[in-house]
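Data from query-v2.cif: mmCIF, all heavy atoms
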data_protein
loop_
_atom_site.label_atom_id
_atom_site.label_comp_id
_atom_site.auth_asym_id
_atom_site.auth_seq_id
_atom_site.Cartn_x
_atom_site.Cartn_y
_atom_site.Cartn_z
N MET A 1 37.65 -33.48 12.57
CA MET A 1 38.49 -34.27 11.69
C MET A 1 38.04 -34.07 10.25
O MET A 1 36.85 -34.11 9.96
CB MET A 1 38.38 -35.73 12.10
CG MET A 1 39.21 -36.66 11.31
SD MET A 1 40.89 -36.58 11.91
CE MET A 1 41.65 -37.74 10.85
N THR A 2 38.97 -33.85 9.38
CA THR A 2 38.66 -33.66 7.97
C THR A 2 38.32 -35.00 7.33
O THR A 2 39.00 -35.99 7.56
CB THR A 2 39.86 -33.02 7.24
OG1 THR A 2 40.18 -31.81 7.90
CG2 THR A 2 39.53 -32.75 5.81
N LYS A 3 37.29 -34.99 6.52
CA LYS A 3 36.87 -36.22 5.84
C LYS A 3 37.84 -36.54 4.71
O LYS A 3 38.36 -35.65 4.05
CB LYS A 3 35.46 -36.04 5.31
CG LYS A 3 34.47 -35.86 6.43
CD LYS A 3 33.08 -35.68 5.91
CE LYS A 3 32.17 -35.52 7.10
NZ LYS A 3 30.93 -34.90 6.82
N PRO A 4 38.08 -37.83 4.45
CA PRO A 4 39.05 -38.22 3.40
C PRO A 4 38.69 -37.71 2.02
O PRO A 4 39.58 -37.38 1.23
CB PRO A 4 39.03 -39.75 3.44
CG PRO A 4 38.53 -40.09 4.79
CD PRO A 4 37.61 -38.99 5.19
N TRP A 5 37.43 -37.60 1.69
CA TRP A 5 37.06 -37.15 0.34
C TRP A 5 37.39 -35.68 0.15
O TRP A 5 37.68 -35.25 -0.97
CB TRP A 5 35.59 -37.44 0.03
CG TRP A 5 34.61 -36.67 0.84
CD1 TRP A 5 34.07 -37.05 2.03
CD2 TRP A 5 34.05 -35.38 0.54
NE1 TRP A 5 33.21 -36.08 2.48
CE2 TRP A 5 33.18 -35.05 1.58
CE3 TRP A 5 34.22 -34.50 -0.52
CZ2 TRP A 5 32.47 -33.86 1.59
CZ3 TRP A 5 33.50 -33.31 -0.50
CH2 TRP A 5 32.64 -33.01 0.55
N ILE A 6 37.40 -34.90 1.22
CA ILE A 6 37.78 -33.49 1.11
C ILE A 6 39.27 -33.37 0.82
O ILE A 6 39.70 -32.58 -0.01
CB ILE A 6 37.39 -32.71 2.38
CG1 ILE A 6 35.88 -32.67 2.53
CG2 ILE A 6 37.97 -31.32 2.36
CD1 ILE A 6 35.40 -32.08 3.83
N ILE A 7 40.06 -34.20 1.49
CA ILE A 7 41.50 -34.21 1.24
C ILE A 7 41.77 -34.64 -0.20
O ILE A 7 42.60 -34.04 -0.89
CB ILE A 7 42.22 -35.12 2.25
CG1 ILE A 7 42.07 -34.56 3.66
CG2 ILE A 7 43.69 -35.30 1.88
CD1 ILE A 7 42.55 -35.47 4.75
N ALA A 8 41.08 -35.67 -0.67
CA ALA A 8 41.25 -36.13 -2.05
C ALA A 8 40.86 -35.05 -3.05
O ALA A 8 41.52 -34.86 -4.08
CB ALA A 8 40.42 -37.39 -2.29
N LEU A 9 39.80 -34.32 -2.75
CA LEU A 9 39.38 -33.23 -3.64
C LEU A 9 40.43 -32.12 -3.70
O LEU A 9 40.73 -31.59 -4.77
CB LEU A 9 38.04 -32.68 -3.15
CG LEU A 9 37.40 -31.60 -4.01
CD1 LEU A 9 37.10 -32.14 -5.41
CD2 LEU A 9 36.12 -31.11 -3.36
N TRP A 10 41.03 -31.79 -2.55
CA TRP A 10 42.07 -30.77 -2.53
C TRP A 10 43.32 -31.24 -3.27
O TRP A 10 43.97 -30.47 -3.97
CB TRP A 10 42.41 -30.35 -1.11
CG TRP A 10 41.56 -29.21 -0.67
CD1 TRP A 10 40.52 -29.24 0.19
CD2 TRP A 10 41.67 -27.84 -1.10
NE1 TRP A 10 39.98 -27.99 0.33
CE2 TRP A 10 40.67 -27.11 -0.46
CE3 TRP A 10 42.52 -27.18 -1.98
CZ2 TRP A 10 40.49 -25.75 -0.65
CZ3 TRP A 10 42.35 -25.81 -2.17
CH2 TRP A 10 41.34 -25.12 -1.51
N VAL A 11 43.68 -32.51 -3.11
CA VAL A 11 44.84 -33.05 -3.83
C VAL A 11 44.60 -32.97 -5.33
O VAL A 11 45.48 -32.56 -6.10
CB VAL A 11 45.13 -34.51 -3.38
CG1 VAL A 11 46.11 -35.19 -4.32
CG2 VAL A 11 45.65 -34.52 -1.96
N PHE A 12 43.40 -33.33 -5.77
CA PHE A 12 43.06 -33.23 -7.19
C PHE A 12 43.12 -31.79 -7.67
O PHE A 12 43.64 -31.49 -8.75
CB PHE A 12 41.66 -33.81 -7.44
CG PHE A 12 41.18 -33.58 -8.84
CD1 PHE A 12 41.67 -34.34 -9.89
CD2 PHE A 12 40.24 -32.60 -9.11
CE1 PHE A 12 41.23 -34.11 -11.19
CE2 PHE A 12 39.79 -32.37 -10.40
CZ PHE A 12 40.29 -33.13 -11.45
N THR A 13 42.59 -30.86 -6.88
CA THR A 13 42.57 -29.45 -7.26
C THR A 13 43.98 -28.89 -7.38
O THR A 13 44.30 -28.19 -8.35
CB THR A 13 41.77 -28.64 -6.22
OG1 THR A 13 40.45 -29.18 -6.13
CG2 THR A 13 41.68 -27.19 -6.59
N VAL A 14 44.83 -29.19 -6.42
CA VAL A 14 46.21 -28.71 -6.47
C VAL A 14 46.96 -29.35 -7.64
O VAL A 14 47.74 -28.69 -8.34
CB VAL A 14 46.93 -28.98 -5.13
CG1 VAL A 14 48.42 -28.71 -5.24
CG2 VAL A 14 46.31 -28.11 -4.04
N ALA A 15 46.70 -30.64 -7.90
CA ALA A 15 47.34 -31.31 -9.03
C ALA A 15 46.89 -30.69 -10.36
O ALA A 15 47.70 -30.48 -11.26
CB ALA A 15 47.03 -32.80 -9.01
N LEU A 16 45.60 -30.40 -10.48
CA LEU A 16 45.09 -29.76 -11.69
C LEU A 16 45.70 -28.38 -11.89
O LEU A 16 46.14 -28.04 -12.99
CB LEU A 16 43.57 -29.66 -11.63
CG LEU A 16 42.89 -28.93 -12.81
CD1 LEU A 16 43.16 -29.66 -14.11
CD2 LEU A 16 41.40 -28.79 -12.56
N ALA A 17 45.76 -27.60 -10.83
CA ALA A 17 46.36 -26.27 -10.92
C ALA A 17 47.85 -26.37 -11.28
O ALA A 17 48.35 -25.59 -12.09
CB ALA A 17 46.17 -25.52 -9.62
N GLY A 18 48.55 -27.32 -10.70
CA GLY A 18 49.96 -27.52 -11.02
C GLY A 18 50.18 -27.92 -12.46
O GLY A 18 51.09 -27.44 -13.13
N TRP A 19 49.33 -28.80 -12.95
CA TRP A 19 49.43 -29.23 -14.35
C TRP A 19 49.18 -28.05 -15.29
O TRP A 19 49.90 -27.86 -16.29
CB TRP A 19 48.43 -30.35 -14.60
CG TRP A 19 48.37 -30.80 -16.03
CD1 TRP A 19 49.38 -31.38 -16.74
CD2 TRP A 19 47.26 -30.69 -16.90
NE1 TRP A 19 48.94 -31.65 -18.02
CE2 TRP A 19 47.65 -31.24 -18.14
CE3 TRP A 19 45.97 -30.20 -16.77
CZ2 TRP A 19 46.80 -31.30 -19.23
CZ3 TRP A 19 45.12 -30.27 -17.85
CH2 TRP A 19 45.52 -30.80 -19.06
N LEU A 20 48.18 -27.23 -14.98
CA LEU A 20 47.90 -26.06 -15.81
C LEU A 20 49.06 -25.06 -15.74
O LEU A 20 49.41 -24.44 -16.75
CB LEU A 20 46.61 -25.39 -15.36
CG LEU A 20 45.32 -26.14 -15.70
CD1 LEU A 20 44.14 -25.50 -14.98
CD2 LEU A 20 45.09 -26.17 -17.20
N LEU A 21 49.65 -24.92 -14.57
CA LEU A 21 50.77 -24.00 -14.40
C LEU A 21 51.98 -24.46 -15.22
O LEU A 21 52.62 -23.65 -15.90
CB LEU A 21 51.13 -23.89 -12.93
CG LEU A 21 52.03 -22.75 -12.52
CD1 LEU A 21 51.38 -21.41 -12.85
CD2 LEU A 21 52.32 -22.82 -11.04
N VAL A 22 52.27 -25.75 -15.18
CA VAL A 22 53.38 -26.30 -15.95
C VAL A 22 53.10 -26.16 -17.45
O VAL A 22 54.02 -25.92 -18.24
CB VAL A 22 53.63 -27.77 -15.56
CG1 VAL A 22 54.57 -28.46 -16.54
CG2 VAL A 22 54.20 -27.84 -14.16
N ASP A 23 51.84 -26.28 -17.83
CA ASP A 23 51.45 -26.17 -19.23
C ASP A 23 51.48 -24.73 -19.73
O ASP A 23 51.28 -24.48 -20.91
CB ASP A 23 50.04 -26.76 -19.39
CG ASP A 23 49.70 -27.06 -20.83
OD1 ASP A 23 50.61 -27.49 -21.57
OD2 ASP A 23 48.54 -26.87 -21.23
N GLY A 24 51.73 -23.78 -18.83
CA GLY A 24 51.84 -22.39 -19.22
C GLY A 24 50.55 -21.60 -19.11
O GLY A 24 50.47 -20.47 -19.58
N GLN A 25 49.55 -22.17 -18.51
CA GLN A 25 48.25 -21.50 -18.38
C GLN A 25 48.10 -20.96 -16.96
O GLN A 25 47.38 -21.50 -16.14
CB GLN A 25 47.13 -22.48 -18.72
CG GLN A 25 47.23 -23.02 -20.13
CD GLN A 25 46.11 -23.95 -20.46
OE1 GLN A 25 45.04 -23.88 -19.88
NE2 GLN A 25 46.35 -24.85 -21.39
N ARG A 26 48.80 -19.86 -16.71
CA ARG A 26 48.83 -19.29 -15.36
C ARG A 26 47.46 -18.80 -14.90
O ARG A 26 47.08 -19.00 -13.75
CB ARG A 26 49.81 -18.12 -15.29
CG ARG A 26 51.24 -18.55 -15.43
CD ARG A 26 52.15 -17.38 -15.31
NE ARG A 26 51.80 -16.41 -16.37
CZ ARG A 26 52.35 -15.23 -16.50
NH1 ARG A 26 53.26 -14.84 -15.65
NH2 ARG A 26 52.00 -14.44 -17.49
N PHE A 27 46.71 -18.16 -15.79
CA PHE A 27 45.42 -17.62 -15.39
C PHE A 27 44.41 -18.73 -15.12
O PHE A 27 43.58 -18.62 -14.21
CB PHE A 27 44.88 -16.66 -16.46
CG PHE A 27 45.68 -15.41 -16.57
CD1 PHE A 27 46.31 -15.07 -17.74
CD2 PHE A 27 45.83 -14.57 -15.47
CE1 PHE A 27 47.06 -13.92 -17.84
CE2 PHE A 27 46.58 -13.41 -15.55
CZ PHE A 27 47.20 -13.08 -16.74
N ALA A 28 44.48 -19.82 -15.87
CA ALA A 28 43.59 -20.96 -15.61
C ALA A 28 43.93 -21.61 -14.28
O ALA A 28 43.03 -21.97 -13.51
CB ALA A 28 43.70 -21.98 -16.74
N ALA A 29 45.23 -21.73 -13.99
CA ALA A 29 45.65 -22.30 -12.70
C ALA A 29 45.20 -21.41 -11.54
O ALA A 29 44.71 -21.90 -10.52
CB ALA A 29 47.17 -22.48 -12.67
N ALA A 30 45.34 -20.10 -11.72
CA ALA A 30 44.88 -19.18 -10.69
C ALA A 30 43.37 -19.25 -10.53
O ALA A 30 42.84 -19.15 -9.42
CB ALA A 30 45.31 -17.75 -11.03
N GLY A 31 42.65 -19.45 -11.61
CA GLY A 31 41.20 -19.59 -11.56
C GLY A 31 40.77 -20.84 -10.82
O GLY A 31 39.82 -20.81 -10.03
N VAL A 32 41.48 -21.93 -11.04
CA VAL A 32 41.17 -23.18 -10.35
C VAL A 32 41.36 -23.01 -8.85
O VAL A 32 40.48 -23.36 -8.04
CB VAL A 32 42.04 -24.34 -10.89
CG1 VAL A 32 41.98 -25.55 -9.98
CG2 VAL A 32 41.61 -24.72 -12.29
N MET A 33 42.50 -22.46 -8.45
CA MET A 33 42.76 -22.29 -7.02
C MET A 33 41.86 -21.23 -6.41
O MET A 33 41.39 -21.38 -5.28
CB MET A 33 44.23 -21.93 -6.79
CG MET A 33 45.18 -23.08 -7.05
SD MET A 33 44.76 -24.61 -6.18
CE MET A 33 44.97 -24.11 -4.50
N GLY A 34 41.59 -20.16 -7.15
CA GLY A 34 40.69 -19.12 -6.65
C GLY A 34 39.29 -19.64 -6.42
O GLY A 34 38.65 -19.32 -5.41
N THR A 35 38.80 -20.44 -7.36
CA THR A 35 37.47 -21.03 -7.21
C THR A 35 37.42 -21.96 -6.01
O THR A 35 36.46 -21.94 -5.23
CB THR A 35 37.08 -21.78 -8.48
OG1 THR A 35 37.13 -20.87 -9.58
CG2 THR A 35 35.70 -22.38 -8.37
N ALA A 36 38.45 -22.78 -5.84
CA ALA A 36 38.49 -23.71 -4.70
C ALA A 36 38.54 -22.96 -3.38
O ALA A 36 37.83 -23.32 -2.42
CB ALA A 36 39.69 -24.64 -4.84
N LEU A 37 39.34 -21.92 -3.31
CA LEU A 37 39.43 -21.14 -2.06
C LEU A 37 38.13 -20.38 -1.79
O LEU A 37 37.70 -20.27 -0.64
CB LEU A 37 40.62 -20.19 -2.12
CG LEU A 37 41.98 -20.88 -2.08
CD1 LEU A 37 43.08 -19.87 -2.32
CD2 LEU A 37 42.18 -21.60 -0.76
N PHE A 38 37.50 -19.87 -2.83
CA PHE A 38 36.22 -19.19 -2.67
C PHE A 38 35.16 -20.17 -2.15
O PHE A 38 34.39 -19.86 -1.25
CB PHE A 38 35.77 -18.59 -4.00
CG PHE A 38 34.43 -17.92 -3.95
CD1 PHE A 38 34.28 -16.71 -3.29
CD2 PHE A 38 33.32 -18.51 -4.54
CE1 PHE A 38 33.03 -16.09 -3.23
CE2 PHE A 38 32.09 -17.90 -4.49
CZ PHE A 38 31.94 -16.69 -3.83
N TRP A 39 35.15 -21.38 -2.71
CA TRP A 39 34.21 -22.41 -2.27
C TRP A 39 34.44 -22.76 -0.80
O TRP A 39 33.49 -22.93 -0.03
CB TRP A 39 34.37 -23.64 -3.16
CG TRP A 39 33.33 -24.69 -2.94
CD1 TRP A 39 33.50 -25.87 -2.31
CD2 TRP A 39 31.96 -24.64 -3.34
NE1 TRP A 39 32.32 -26.57 -2.30
CE2 TRP A 39 31.37 -25.84 -2.93
CE3 TRP A 39 31.19 -23.69 -4.02
CZ2 TRP A 39 30.03 -26.11 -3.17
CZ3 TRP A 39 29.86 -23.98 -4.25
CH2 TRP A 39 29.30 -25.17 -3.83
N GLU A 40 35.71 -22.86 -0.39
CA GLU A 40 36.02 -23.14 1.01
C GLU A 40 35.55 -22.01 1.91
O GLU A 40 35.03 -22.25 3.00
CB GLU A 40 37.52 -23.34 1.19
CG GLU A 40 37.99 -24.73 0.85
CD GLU A 40 37.43 -25.78 1.78
OE1 GLU A 40 37.41 -25.56 3.01
OE2 GLU A 40 37.01 -26.83 1.28
N ALA A 41 35.73 -20.78 1.47
CA ALA A 41 35.29 -19.63 2.27
C ALA A 41 33.77 -19.63 2.43
O ALA A 41 33.26 -19.35 3.52
CB ALA A 41 35.76 -18.33 1.62
N ILE A 42 33.06 -19.94 1.37
CA ILE A 42 31.59 -20.01 1.45
C ILE A 42 31.18 -21.08 2.46
O ILE A 42 30.29 -20.86 3.29
CB ILE A 42 30.98 -20.31 0.07
CG1 ILE A 42 31.20 -19.12 -0.86
CG2 ILE A 42 29.51 -20.67 0.15
CD1 ILE A 42 30.49 -17.85 -0.44
N HIS A 43 31.82 -22.23 2.41
CA HIS A 43 31.48 -23.30 3.35
C HIS A 43 31.90 -22.94 4.78
O HIS A 43 31.24 -23.35 5.73
CB HIS A 43 32.11 -24.61 2.93
CG HIS A 43 31.34 -25.31 1.87
ND1 HIS A 43 30.31 -26.16 2.15
CD2 HIS A 43 31.41 -25.24 0.53
CE1 HIS A 43 29.79 -26.60 1.02
NE2 HIS A 43 30.44 -26.05 0.02
N LEU A 44 32.97 -22.20 4.93
CA LEU A 44 33.39 -21.78 6.26
C LEU A 44 32.39 -20.80 6.87
O LEU A 44 32.04 -20.90 8.04
CB LEU A 44 34.78 -21.13 6.18
CG LEU A 44 35.39 -20.69 7.50
CD1 LEU A 44 35.71 -21.91 8.35
CD2 LEU A 44 36.64 -19.88 7.23
N VAL A 45 31.88 -19.88 6.05
CA VAL A 45 30.96 -18.87 6.55
C VAL A 45 29.54 -19.42 6.69
O VAL A 45 28.88 -19.21 7.70
CB VAL A 45 30.97 -17.63 5.62
CG1 VAL A 45 29.89 -16.65 6.01
CG2 VAL A 45 32.33 -16.97 5.66
N PHE A 46 29.07 -20.14 5.67
CA PHE A 46 27.67 -20.56 5.63
C PHE A 46 27.46 -22.04 5.87
O PHE A 46 26.33 -22.53 5.79
CB PHE A 46 27.04 -20.19 4.29
CG PHE A 46 27.03 -18.72 4.02
CD1 PHE A 46 27.85 -18.18 3.05
CD2 PHE A 46 26.23 -17.88 4.75
CE1 PHE A 46 27.86 -16.83 2.79
CE2 PHE A 46 26.21 -16.52 4.51
CZ PHE A 46 27.03 -15.99 3.53
N GLY A 47 28.53 -22.79 6.14
CA GLY A 47 28.41 -24.23 6.33
C GLY A 47 27.65 -24.58 7.60
O GLY A 47 27.43 -23.75 8.47
N SER A 48 27.25 -25.83 7.69
CA SER A 48 26.52 -26.28 8.87
C SER A 48 27.45 -26.27 10.08
O SER A 48 28.62 -26.65 9.99
CB SER A 48 25.91 -27.65 8.65
OG SER A 48 26.93 -28.59 8.38
N LYS A 49 26.93 -25.86 11.20
CA LYS A 49 27.76 -25.71 12.41
C LYS A 49 27.85 -27.00 13.24
O LYS A 49 28.64 -27.09 14.13
CB LYS A 49 27.15 -24.61 13.30
CG LYS A 49 26.96 -23.31 12.60
CD LYS A 49 28.26 -22.71 12.14
CE LYS A 49 28.02 -21.35 11.52
NZ LYS A 49 28.94 -21.01 10.48
N ASP A 50 27.04 -28.00 12.93
CA ASP A 50 27.01 -29.21 13.75
C ASP A 50 28.01 -30.27 13.29
O ASP A 50 28.14 -31.29 13.92
CB ASP A 50 25.61 -29.81 13.80
CG ASP A 50 25.10 -30.17 12.42
OD1 ASP A 50 25.70 -29.74 11.43
OD2 ASP A 50 24.08 -30.89 12.34
N THR A 51 28.74 -30.04 12.19
CA THR A 51 29.70 -31.03 11.73
C THR A 51 31.07 -30.73 12.33
O THR A 51 31.38 -29.61 12.67
CB THR A 51 29.80 -31.03 10.20
OG1 THR A 51 30.18 -29.72 9.77
CG2 THR A 51 28.48 -31.41 9.56
N GLU A 52 31.89 -31.78 12.43
CA GLU A 52 33.23 -31.60 12.99
C GLU A 52 34.20 -31.20 11.91
O GLU A 52 34.20 -31.66 10.85
CB GLU A 52 33.69 -32.90 13.64
CG GLU A 52 32.86 -33.26 14.83
CD GLU A 52 33.36 -34.54 15.47
OE1 GLU A 52 34.39 -35.06 15.04
OE2 GLU A 52 32.73 -34.99 16.41
#
Structure re-expressed in structure tokens:
Amino acid sequence: MTKPWIIALWVFTVALAGWLLVDGQRFAAAGVMGTALFWEAIHLVFGSKDTE
């Protein structure tokens, strides 16, 4: 089960990227989402295996 704070963090990240995209800063929005996805990949590969 996903923890509520992770969902809140993703909602904030998507909202930030959307705001930057609307503001015309496409590369900044792509950077925000790229960083978040990279962080998720790191946790998927190297994260602790005993958590649900």
Practice problem: Can you pull out every residue within 12 Å of Gly31 in chain A, counting only C-alpha atoms, but drop anything in the same chain fewer than 5 positions away, and send it as a count of residues only? | Solution: 13
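CA of Ile6 in chain A to CA of Gly34 in chain A spans 16.6 Å [interatomic distance, one decimal].
Put simply, CD2 of Phe46 in chain A is 27.9 Å away from CG1 of Val11 in chain A.
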Exercise. Output as a PyMOL selection string all residues of chain A that backbone DSSP marks as alpha helix (DSSP H).
Key: chain A and resi 4-22+26-46
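Proximity to Trp10 in chain A was assessed for A:Phe27, A:Thr35, A:Ile42, A:Gly47 counting only C-alpha atoms; the smallest distance is recorded for A:Thr35.
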Quiz item: Between CA of Val45 in chain A and CA of Phe12 in chain A, what is the distance, to one decimal in Å?
Solution: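 CA of Val45 in chain A sits 23.3 Å away from CA of Phe12 in chain A.
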Report the centre and edge lengths, in Å to one decimal, of an axis-aligned box enclosing every atom of range 21-37 of chain A listed in the file, padded by 4 Å on each side, as lines of an AutoDock Vina configuration file.
center_x = 45.1
center_y = -20.8
center_z = -11.1
size_x = 26.9
size_y = 23.4
size_z = 28.9
